[in-house]
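J.: Got a structure for you, written out below as structure tokens; questions coming shortly.
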Amino acid sequence: KQEVTQIPAALSVPEGENLVLNCSFTDSAIYNLQWFRQDPGKGLTSLLLIQSSQREQTSGRLNASLDKSSGRSTLYIAASQPGDSATYLCAVRQLDRDDKIIFGKGTRLHILP
Amino acid sequence: GAGVSQTPSNKVTEKGKYVELRCDPISGHTALYWYRQSLGQGPEFLIYFQGTGAADDSGLPNDRFFAVRPEGSVSTLKIQRTERGDSAVYLCASSLSQLGHNEQFFGPGTRLTVL
């Protein structure tokens with residue numbers, strides 16, 4: 001059974017710092033991995049989607065990497081801003097069950113002004 | 001519409017009541033998914049439709065939960081005899097098809113509170 005783990009559960013860093021959020025998954029047979037942002041009381045905003053054949057994706061100050069063989073992904077946020085404060089969710093889509101997405105519990109990020 | 005919409009955005013009900021949650025997918029998307037997100041947790045899969053039929057309902061927690069999509073577009077998640085433990089955010093997503101390379105797009109969710 002696929003399990004997605006995100007470490008740390010919560011993180012507070014001063015504005016301007018670069019930071020890394022970690023995600024690990026137990027079954028490497030995935031279609032893709034996706035990072036989402038969720039603001040309090042809101043829905044999910046897709047940030048980056050990495051297909052299983054890709055190693056990384058970049059969007060602005062965000063860079064996500066994928067090491068499928070080791071079951072790991074990282075989300076790198078450069079020059080953090082208070083507006084980056086949110087919960088970041090990692091999710092995978094499995095090859096044999098491509099109908100559903102399996103989510104981690106998220107990392108609650110707080111950027112200190 | 002431009003994205004997935006869900007109504008109502010908030011629903012407060014009493015224990016034992018019946019509720020219906022509605023999802024309007026992106027036009028042309030044949031696949032529709034329901035997820036449930038409890039406080040402090042990631043979303044968990046409930047049910048998935050391809051067209052009008054429920055292709056996978058393995059995530060529904062018990063027989064109080066039921067979902068329909070009669071015309072292959074709008075879907076309604078129905079919860080009978082609600083319990084306090086049903087309180088959560090119910091998220092809907094749609095994608096062009098069920099194939100894994102098609103991204104799922106999420107709606108804003110319905111926050112259900114059972115008193």
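Letters A, B, ... go to the chains of the structure tokens in the order shown; residues in each chain start at 1; ligands are counted from 1 in the same order.
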Should the cut-off be 12 Å, what would the residue list for chain B against chain A look like, counting only C-alpha atoms, as a PDB file with N, CA, C and O atoms, in the first residue's frame?
T.:
ATOM      1  N   GLY B   3     -13.165  26.640 -13.930  1.00  0.00           N
ATOM      2  CA  GLY B   3     -12.575  25.652 -13.051  1.00  0.00           C
ATOM      3  C   GLY B   3     -13.647  24.786 -12.435  1.00  0.00           C
ATOM      4  O   GLY B   3     -14.838  24.893 -12.752  1.00  0.00           O
ATOM      5  N   VAL B   4     -13.212  23.932 -11.520  1.00  0.00           N
ATOM      6  CA  VAL B   4     -14.146  23.076 -10.791  1.00  0.00           C
ATOM      7  C   VAL B   4     -14.831  23.917  -9.710  1.00  0.00           C
ATOM      8  O   VAL B   4     -14.152  24.640  -8.970  1.00  0.00           O
ATOM      9  N   SER B   5     -16.134  23.831  -9.643  1.00  0.00           N
ATOM     10  CA  SER B   5     -16.855  24.565  -8.603  1.00  0.00           C
ATOM     11  C   SER B   5     -17.600  23.596  -7.695  1.00  0.00           C
ATOM     12  O   SER B   5     -18.021  22.515  -8.148  1.00  0.00           O
ATOM     13  N   GLN B   6     -17.729  23.983  -6.442  1.00  0.00           N
ATOM     14  CA  GLN B   6     -18.406  23.140  -5.461  1.00  0.00           C
ATOM     15  C   GLN B   6     -19.368  24.005  -4.645  1.00  0.00           C
ATOM     16  O   GLN B   6     -19.047  25.121  -4.266  1.00  0.00           O
ATOM     17  N   SER B   9     -20.199  26.169  -0.145  1.00  0.00           N
ATOM     18  CA  SER B   9     -18.819  26.265   0.327  1.00  0.00           C
ATOM     19  C   SER B   9     -18.718  25.821   1.783  1.00  0.00           C
ATOM     20  O   SER B   9     -17.699  25.287   2.204  1.00  0.00           O
ATOM     21  N   ASN B  10     -19.794  26.057   2.528  1.00  0.00           N
ATOM     22  CA  ASN B  10     -19.872  25.627   3.922  1.00  0.00           C
ATOM     23  C   ASN B  10     -21.240  25.030   4.181  1.00  0.00           C
ATOM     24  O   ASN B  10     -22.253  25.541   3.680  1.00  0.00           O
ATOM     25  N   ALA B  31     -13.612  12.468 -16.266  1.00  0.00           N
ATOM     26  CA  ALA B  31     -13.301  11.833 -14.979  1.00  0.00           C
ATOM     27  C   ALA B  31     -13.554  12.812 -13.840  1.00  0.00           C
ATOM     28  O   ALA B  31     -13.207  13.993 -13.927  1.00  0.00           O
ATOM     29  N   LEU B  32     -14.169  12.296 -12.766  1.00  0.00           N
ATOM     30  CA  LEU B  32     -14.492  13.142 -11.606  1.00  0.00           C
ATOM     31  C   LEU B  32     -14.178  12.367 -10.343  1.00  0.00           C
ATOM     32  O   LEU B  32     -14.481  11.169 -10.250  1.00  0.00           O
ATOM     33  N   TYR B  33     -13.588  13.038  -9.374  1.00  0.00           N
ATOM     34  CA  TYR B  33     -13.102  12.403  -8.149  1.00  0.00           C
ATOM     35  C   TYR B  33     -13.625  13.164  -6.930  1.00  0.00           C
ATOM     36  O   TYR B  33     -13.707  14.391  -6.936  1.00  0.00           O
ATOM     37  N   TRP B  34     -13.905  12.409  -5.877  1.00  0.00           N
ATOM     38  CA  TRP B  34     -14.210  12.999  -4.581  1.00  0.00           C
ATOM     39  C   TRP B  34     -13.142  12.570  -3.584  1.00  0.00           C
ATOM     40  O   TRP B  34     -12.747  11.398  -3.537  1.00  0.00           O
ATOM     41  N   TYR B  35     -12.698  13.549  -2.768  1.00  0.00           N
ATOM     42  CA  TYR B  35     -11.748  13.302  -1.698  1.00  0.00           C
ATOM     43  C   TYR B  35     -12.304  13.925  -0.421  1.00  0.00           C
ATOM     44  O   TYR B  35     -13.101  14.859  -0.464  1.00  0.00           O
ATOM     45  N   ARG B  36     -11.820  13.429   0.714  1.00  0.00           N
ATOM     46  CA  ARG B  36     -12.211  13.999   1.990  1.00  0.00           C
ATOM     47  C   ARG B  36     -10.944  14.362   2.750  1.00  0.00           C
ATOM     48  O   ARG B  36     -10.005  13.559   2.821  1.00  0.00           O
ATOM     49  N   GLN B  37     -10.924  15.561   3.343  1.00  0.00           N
ATOM     50  CA  GLN B  37      -9.762  16.025   4.078  1.00  0.00           C
ATOM     51  C   GLN B  37     -10.181  16.377   5.499  1.00  0.00           C
ATOM     52  O   GLN B  37     -10.878  17.365   5.719  1.00  0.00           O
ATOM     53  N   SER B  38      -9.727  15.565   6.435  1.00  0.00           N
ATOM     54  CA  SER B  38      -9.974  15.844   7.839  1.00  0.00           C
ATOM     55  C   SER B  38      -8.911  16.810   8.346  1.00  0.00           C
ATOM     56  O   SER B  38      -7.842  16.963   7.734  1.00  0.00           O
ATOM     57  N   LEU B  39      -9.189  17.439   9.475  1.00  0.00           N
ATOM     58  CA  LEU B  39      -8.299  18.460  10.012  1.00  0.00           C
ATOM     59  C   LEU B  39      -6.895  17.910  10.239  1.00  0.00           C
ATOM     60  O   LEU B  39      -6.722  16.861  10.872  1.00  0.00           O
ATOM     61  N   GLY B  40      -5.900  18.590   9.674  1.00  0.00           N
ATOM     62  CA  GLY B  40      -4.515  18.190   9.882  1.00  0.00           C
ATOM     63  C   GLY B  40      -4.060  17.017   9.037  1.00  0.00           C
ATOM     64  O   GLY B  40      -2.942  16.516   9.213  1.00  0.00           O
ATOM     65  N   GLN B  41      -4.898  16.568   8.131  1.00  0.00           N
ATOM     66  CA  GLN B  41      -4.570  15.424   7.288  1.00  0.00           C
ATOM     67  C   GLN B  41      -4.532  15.831   5.821  1.00  0.00           C
ATOM     68  O   GLN B  41      -5.054  16.884   5.445  1.00  0.00           O
ATOM     69  N   GLY B  42      -3.931  14.984   5.000  1.00  0.00           N
ATOM     70  CA  GLY B  42      -4.033  15.180   3.571  1.00  0.00           C
ATOM     71  C   GLY B  42      -5.353  14.640   3.059  1.00  0.00           C
ATOM     72  O   GLY B  42      -6.019  13.852   3.748  1.00  0.00           O
ATOM     73  N   PRO B  43      -5.782  15.053   1.885  1.00  0.00           N
ATOM     74  CA  PRO B  43      -7.022  14.518   1.315  1.00  0.00           C
ATOM     75  C   PRO B  43      -6.935  13.018   1.102  1.00  0.00           C
ATOM     76  O   PRO B  43      -5.878  12.486   0.759  1.00  0.00           O
ATOM     77  N   GLU B  44      -8.062  12.342   1.304  1.00  0.00           N
ATOM     78  CA  GLU B  44      -8.140  10.894   1.094  1.00  0.00           C
ATOM     79  C   GLU B  44      -9.206  10.589   0.060  1.00  0.00           C
ATOM     80  O   GLU B  44     -10.310  11.141   0.107  1.00  0.00           O
ATOM     81  N   PHE B  45      -8.877   9.695  -0.841  1.00  0.00           N
ATOM     82  CA  PHE B  45      -9.768   9.322  -1.941  1.00  0.00           C
ATOM     83  C   PHE B  45     -11.053   8.692  -1.435  1.00  0.00           C
ATOM     84  O   PHE B  45     -11.047   7.859  -0.525  1.00  0.00           O
ATOM     85  N   LEU B  46     -12.176   9.096  -2.033  1.00  0.00           N
ATOM     86  CA  LEU B  46     -13.465   8.491  -1.718  1.00  0.00           C
ATOM     87  C   LEU B  46     -13.993   7.672  -2.901  1.00  0.00           C
ATOM     88  O   LEU B  46     -14.238   6.474  -2.774  1.00  0.00           O
ATOM     89  N   ILE B  47     -14.179   8.333  -4.044  1.00  0.00           N
ATOM     90  CA  ILE B  47     -14.832   7.695  -5.179  1.00  0.00           C
ATOM     91  C   ILE B  47     -14.430   8.402  -6.459  1.00  0.00           C
ATOM     92  O   ILE B  47     -14.082   9.588  -6.438  1.00  0.00           O
ATOM     93  N   TYR B  48     -14.480   7.636  -7.541  1.00  0.00           N
ATOM     94  CA  TYR B  48     -14.080   8.174  -8.838  1.00  0.00           C
ATOM     95  C   TYR B  48     -15.101   7.737  -9.889  1.00  0.00           C
ATOM     96  O   TYR B  48     -15.545   6.586  -9.910  1.00  0.00           O
ATOM     97  N   PHE B  49     -15.477   8.693 -10.750  1.00  0.00           N
ATOM     98  CA  PHE B  49     -16.400   8.432 -11.855  1.00  0.00           C
ATOM     99  C   PHE B  49     -15.677   8.585 -13.183  1.00  0.00           C
ATOM    100  O   PHE B  49     -14.920   9.530 -13.394  1.00  0.00           O
ATOM    101  N   GLN B  50     -15.947   7.667 -14.078  1.00  0.00           N
ATOM    102  CA  GLN B  50     -15.572   7.841 -15.472  1.00  0.00           C
ATOM    103  C   GLN B  50     -16.894   7.899 -16.236  1.00  0.00           C
ATOM    104  O   GLN B  50     -17.577   6.887 -16.360  1.00  0.00           O
ATOM    105  N   ALA B  54     -19.631   4.911 -11.486  1.00  0.00           N
ATOM    106  CA  ALA B  54     -18.601   4.933 -10.452  1.00  0.00           C
ATOM    107  C   ALA B  54     -17.619   3.807 -10.733  1.00  0.00           C
ATOM    108  O   ALA B  54     -17.933   2.639 -10.533  1.00  0.00           O
ATOM    109  N   ALA B  55     -16.427   4.173 -11.188  1.00  0.00           N
ATOM    110  CA  ALA B  55     -15.432   3.173 -11.562  1.00  0.00           C
ATOM    111  C   ALA B  55     -14.702   2.613 -10.359  1.00  0.00           C
ATOM    112  O   ALA B  55     -14.186   1.502 -10.400  1.00  0.00           O
ATOM    113  N   ASP B  56     -14.639   3.390  -9.284  1.00  0.00           N
ATOM    114  CA  ASP B  56     -13.929   2.945  -8.083  1.00  0.00           C
ATOM    115  C   ASP B  56     -14.529   3.673  -6.892  1.00  0.00           C
ATOM    116  O   ASP B  56     -14.388   4.887  -6.796  1.00  0.00           O
ATOM    117  N   ASP B  57     -15.223   2.935  -6.028  1.00  0.00           N
ATOM    118  CA  ASP B  57     -15.799   3.553  -4.827  1.00  0.00           C
ATOM    119  C   ASP B  57     -15.168   2.977  -3.568  1.00  0.00           C
ATOM    120  O   ASP B  57     -15.771   3.002  -2.489  1.00  0.00           O
ATOM    121  N   SER B  58     -13.951   2.489  -3.705  1.00  0.00           N
ATOM    122  CA  SER B  58     -13.294   1.786  -2.606  1.00  0.00           C
ATOM    123  C   SER B  58     -12.980   2.681  -1.417  1.00  0.00           C
ATOM    124  O   SER B  58     -12.722   2.190  -0.319  1.00  0.00           O
ATOM    125  N   GLY B  59     -12.991   3.992  -1.616  1.00  0.00           N
ATOM    126  CA  GLY B  59     -12.670   4.905  -0.527  1.00  0.00           C
ATOM    127  C   GLY B  59     -13.858   5.346   0.305  1.00  0.00           C
ATOM    128  O   GLY B  59     -13.672   5.989   1.346  1.00  0.00           O
ATOM    129  N   ALA B  88     -15.515  17.463   7.885  1.00  0.00           N
ATOM    130  CA  ALA B  88     -14.279  17.507   7.090  1.00  0.00           C
ATOM    131  C   ALA B  88     -14.510  18.454   5.925  1.00  0.00           C
ATOM    132  O   ALA B  88     -15.609  18.965   5.727  1.00  0.00           O
ATOM    133  N   VAL B  89     -13.448  18.659   5.143  1.00  0.00           N
ATOM    134  CA  VAL B  89     -13.588  19.362   3.868  1.00  0.00           C
ATOM    135  C   VAL B  89     -13.692  18.308   2.772  1.00  0.00           C
ATOM    136  O   VAL B  89     -12.847  17.414   2.686  1.00  0.00           O
ATOM    137  N   TYR B  90     -14.715  18.409   1.969  1.00  0.00           N
ATOM    138  CA  TYR B  90     -14.929  17.461   0.872  1.00  0.00           C
ATOM    139  C   TYR B  90     -14.501  18.147  -0.422  1.00  0.00           C
ATOM    140  O   TYR B  90     -15.051  19.171  -0.819  1.00  0.00           O
ATOM    141  N   LEU B  91     -13.503  17.555  -1.057  1.00  0.00           N
ATOM    142  CA  LEU B  91     -12.909  18.130  -2.259  1.00  0.00           C
ATOM    143  C   LEU B  91     -13.322  17.325  -3.485  1.00  0.00           C
ATOM    144  O   LEU B  91     -13.371  16.094  -3.442  1.00  0.00           O
ATOM    145  N   CYS B  92     -13.575  18.034  -4.556  1.00  0.00           N
ATOM    146  CA  CYS B  92     -13.890  17.408  -5.827  1.00  0.00           C
ATOM    147  C   CYS B  92     -12.795  17.780  -6.824  1.00  0.00           C
ATOM    148  O   CYS B  92     -12.240  18.893  -6.770  1.00  0.00           O
ATOM    149  N   ALA B  93     -12.473  16.860  -7.714  1.00  0.00           N
ATOM    150  CA  ALA B  93     -11.492  17.131  -8.764  1.00  0.00           C
ATOM    151  C   ALA B  93     -11.996  16.543 -10.071  1.00  0.00           C
ATOM    152  O   ALA B  93     -12.780  15.587 -10.069  1.00  0.00           O
ATOM    153  N   SER B  94     -11.559  17.110 -11.179  1.00  0.00           N
ATOM    154  CA  SER B  94     -11.897  16.523 -12.473  1.00  0.00           C
ATOM    155  C   SER B  94     -10.652  16.496 -13.348  1.00  0.00           C
ATOM    156  O   SER B  94      -9.697  17.241 -13.127  1.00  0.00           O
ATOM    157  N   SER B  95     -10.671  15.599 -14.323  1.00  0.00           N
ATOM    158  CA  SER B  95      -9.583  15.528 -15.293  1.00  0.00           C
ATOM    159  C   SER B  95     -10.152  15.114 -16.644  1.00  0.00           C
ATOM    160  O   SER B  95     -11.252  14.584 -16.738  1.00  0.00           O
ATOM    161  N   LEU B  96      -9.367  15.354 -17.673  1.00  0.00           N
ATOM    162  CA  LEU B  96      -9.814  15.106 -19.042  1.00  0.00           C
ATOM    163  C   LEU B  96     -10.253  13.656 -19.217  1.00  0.00           C
ATOM    164  O   LEU B  96     -11.244  13.354 -19.866  1.00  0.00           O
ATOM    165  N   SER B  97      -9.481  12.749 -18.643  1.00  0.00           N
ATOM    166  CA  SER B  97      -9.837  11.335 -18.612  1.00  0.00           C
ATOM    167  C   SER B  97      -9.175  10.738 -17.390  1.00  0.00           C
ATOM    168  O   SER B  97      -8.482  11.428 -16.649  1.00  0.00           O
ATOM    169  N   GLN B  98      -9.395   9.432 -17.198  1.00  0.00           N
ATOM    170  CA  GLN B  98      -8.851   8.802 -16.003  1.00  0.00           C
ATOM    171  C   GLN B  98      -7.372   8.449 -16.159  1.00  0.00           C
ATOM    172  O   GLN B  98      -6.737   8.028 -15.226  1.00  0.00           O
ATOM    173  N   LEU B  99      -6.841   8.617 -17.364  1.00  0.00           N
ATOM    174  CA  LEU B  99      -5.465   8.208 -17.598  1.00  0.00           C
ATOM    175  C   LEU B  99      -4.504   8.995 -16.714  1.00  0.00           C
ATOM    176  O   LEU B  99      -4.681  10.186 -16.484  1.00  0.00           O
ATOM    177  N   GLY B 100      -3.474   8.318 -16.251  1.00  0.00           N
ATOM    178  CA  GLY B 100      -2.603   8.891 -15.246  1.00  0.00           C
ATOM    179  C   GLY B 100      -1.892  10.160 -15.631  1.00  0.00           C
ATOM    180  O   GLY B 100      -1.531  10.954 -14.774  1.00  0.00           O
ATOM    181  N   HIS B 101      -1.679  10.378 -16.925  1.00  0.00           N
ATOM    182  CA  HIS B 101      -0.954  11.572 -17.309  1.00  0.00           C
ATOM    183  C   HIS B 101      -1.835  12.813 -17.343  1.00  0.00           C
ATOM    184  O   HIS B 101      -1.345  13.924 -17.517  1.00  0.00           O
ATOM    185  N   ASN B 102      -3.140  12.615 -17.202  1.00  0.00           N
ATOM    186  CA  ASN B 102      -4.041  13.767 -17.167  1.00  0.00           C
ATOM    187  C   ASN B 102      -4.134  14.311 -15.748  1.00  0.00           C
ATOM    188  O   ASN B 102      -4.532  13.602 -14.837  1.00  0.00           O
ATOM    189  N   GLU B 103      -3.799  15.570 -15.598  1.00  0.00           N
ATOM    190  CA  GLU B 103      -3.787  16.191 -14.287  1.00  0.00           C
ATOM    191  C   GLU B 103      -5.194  16.319 -13.731  1.00  0.00           C
ATOM    192  O   GLU B 103      -6.150  16.583 -14.471  1.00  0.00           O
ATOM    193  N   GLN B 104      -5.328  16.132 -12.422  1.00  0.00           N
ATOM    194  CA  GLN B 104      -6.586  16.376 -11.734  1.00  0.00           C
ATOM    195  C   GLN B 104      -6.614  17.831 -11.250  1.00  0.00           C
ATOM    196  O   GLN B 104      -5.666  18.287 -10.637  1.00  0.00           O
ATOM    197  N   PHE B 105      -7.704  18.512 -11.527  1.00  0.00           N
ATOM    198  CA  PHE B 105      -7.884  19.894 -11.111  1.00  0.00           C
ATOM    199  C   PHE B 105      -8.911  19.931  -9.983  1.00  0.00           C
ATOM    200  O   PHE B 105     -10.005  19.388 -10.132  1.00  0.00           O
ATOM    201  N   PHE B 106      -8.549  20.590  -8.897  1.00  0.00           N
ATOM    202  CA  PHE B 106      -9.367  20.553  -7.700  1.00  0.00           C
ATOM    203  C   PHE B 106     -10.260  21.780  -7.555  1.00  0.00           C
ATOM    204  O   PHE B 106      -9.872  22.894  -7.934  1.00  0.00           O
ATOM    205  N   GLY B 107     -11.429  21.552  -6.979  1.00  0.00           N
ATOM    206  CA  GLY B 107     -12.318  22.634  -6.603  1.00  0.00           C
ATOM    207  C   GLY B 107     -11.957  23.173  -5.233  1.00  0.00           C
ATOM    208  O   GLY B 107     -11.056  22.654  -4.568  1.00  0.00           O
ATOM    209  N   PRO B 108     -12.667  24.228  -4.780  1.00  0.00           N
ATOM    210  CA  PRO B 108     -12.344  24.868  -3.504  1.00  0.00           C
ATOM    211  C   PRO B 108     -12.798  24.078  -2.278  1.00  0.00           C
ATOM    212  O   PRO B 108     -12.388  24.393  -1.167  1.00  0.00           O
ATOM    213  N   GLY B 109     -13.629  23.071  -2.498  1.00  0.00           N
ATOM    214  CA  GLY B 109     -14.065  22.252  -1.377  1.00  0.00           C
ATOM    215  C   GLY B 109     -15.344  22.731  -0.717  1.00  0.00           C
ATOM    216  O   GLY B 109     -15.738  23.893  -0.845  1.00  0.00           O
ATOM    217  N   THR B 110     -16.004  21.809  -0.030  1.00  0.00           N
ATOM    218  CA  THR B 110     -17.139  22.112   0.840  1.00  0.00           C
ATOM    219  C   THR B 110     -16.746  21.728   2.251  1.00  0.00           C
ATOM    220  O   THR B 110     -16.376  20.571   2.494  1.00  0.00           O
ATOM    221  N   ARG B 111     -16.813  22.697   3.151  1.00  0.00           N
ATOM    222  CA  ARG B 111     -16.505  22.399   4.558  1.00  0.00           C
ATOM    223  C   ARG B 111     -17.789  21.960   5.244  1.00  0.00           C
ATOM    224  O   ARG B 111     -18.731  22.746   5.380  1.00  0.00           O
ATOM    225  N   LEU B 112     -17.841  20.704   5.653  1.00  0.00           N
ATOM    226  CA  LEU B 112     -19.011  20.141   6.331  1.00  0.00           C
ATOM    227  C   LEU B 112     -18.746  20.072   7.827  1.00  0.00           C
ATOM    228  O   LEU B 112     -17.724  19.514   8.247  1.00  0.00           O
TER     229      LEU B 112
END
J.: Hey, what does DSSP flag as strand (DSSP E or B) within segment 8-113 of chain A? Can you give it to me as a ChimeraX atom specification?
T.: /A:10-14,19-25,30-38,44-51,56-59,62-67,72-77,86-94,101-103,107-112
J.: B:Glu20, B:Glu71, B:Glu14, B:Asp63: which is nearest Glu83 of chain B, counting only C-alpha atoms?
T.: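 Looking only at the distances to Glu83 of chain B, the closest residue turns out to be B:Glu14.
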J.: Please provide the set of residues having any atom within 8 Å of segment 15-26 of chain A, restricted to only C-alpha atoms, with same-chain residues fewer than 3 positions apart removed, written as a list in words.
T.: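 In the requested form, the answer reads Lys1, Gln2, Glu3, Val4, Thr5, Gln6, Ile7, Pro8, Gly71, Arg72, Ser73, Thr74, Leu75, Tyr76, Ile77, Ala78, Ala79, Ser80, Gln81, Pro82, Cys90, Val92, Gly104, Thr107, Ile111, Leu112 and Pro113 of chain A.
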J.: What does the structure give for the distance between atom CA of Leu48 of chain A and atom CA of Ser65 of chain A, in Å to one decimal?
T.: 9.8 Å
J.: Quick one: residues within 6 Å of Arg22 of chain B, only C-alpha atoms, excluding same-chain residues fewer than 3 positions away - as a PDB file with N, CA and C atoms, in the first residue's frame?
T.:
ATOM      1  N   GLN B   6     -17.729  23.983  -6.442  1.00  0.00           N
ATOM      2  CA  GLN B   6     -18.406  23.140  -5.461  1.00  0.00           C
ATOM      3  C   GLN B   6     -19.368  24.005  -4.645  1.00  0.00           C
ATOM      4  N   THR B   7     -20.531  23.429  -4.408  1.00  0.00           N
ATOM      5  CA  THR B   7     -21.515  24.129  -3.576  1.00  0.00           C
ATOM      6  C   THR B   7     -22.157  23.157  -2.594  1.00  0.00           C
ATOM      7  N   SER B  75     -21.801  16.108 -10.268  1.00  0.00           N
ATOM      8  CA  SER B  75     -21.875  14.980  -9.346  1.00  0.00           C
ATOM      9  C   SER B  75     -22.378  15.472  -7.995  1.00  0.00           C
ATOM     10  N   THR B  76     -23.081  14.592  -7.308  1.00  0.00           N
ATOM     11  CA  THR B  76     -23.565  14.892  -5.974  1.00  0.00           C
ATOM     12  C   THR B  76     -23.090  13.805  -5.020  1.00  0.00           C
TER      13      THR B  76
END
J.: Quick one: pull the distance between atom CA of Lys78 of chain B and atom CA of Phe36 of chain A, Å, one decimal.
T.: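 Taking atom CA of Lys78 of chain B as the start and atom CA of Phe36 of chain A as the end point, the length is 26.8 Å.
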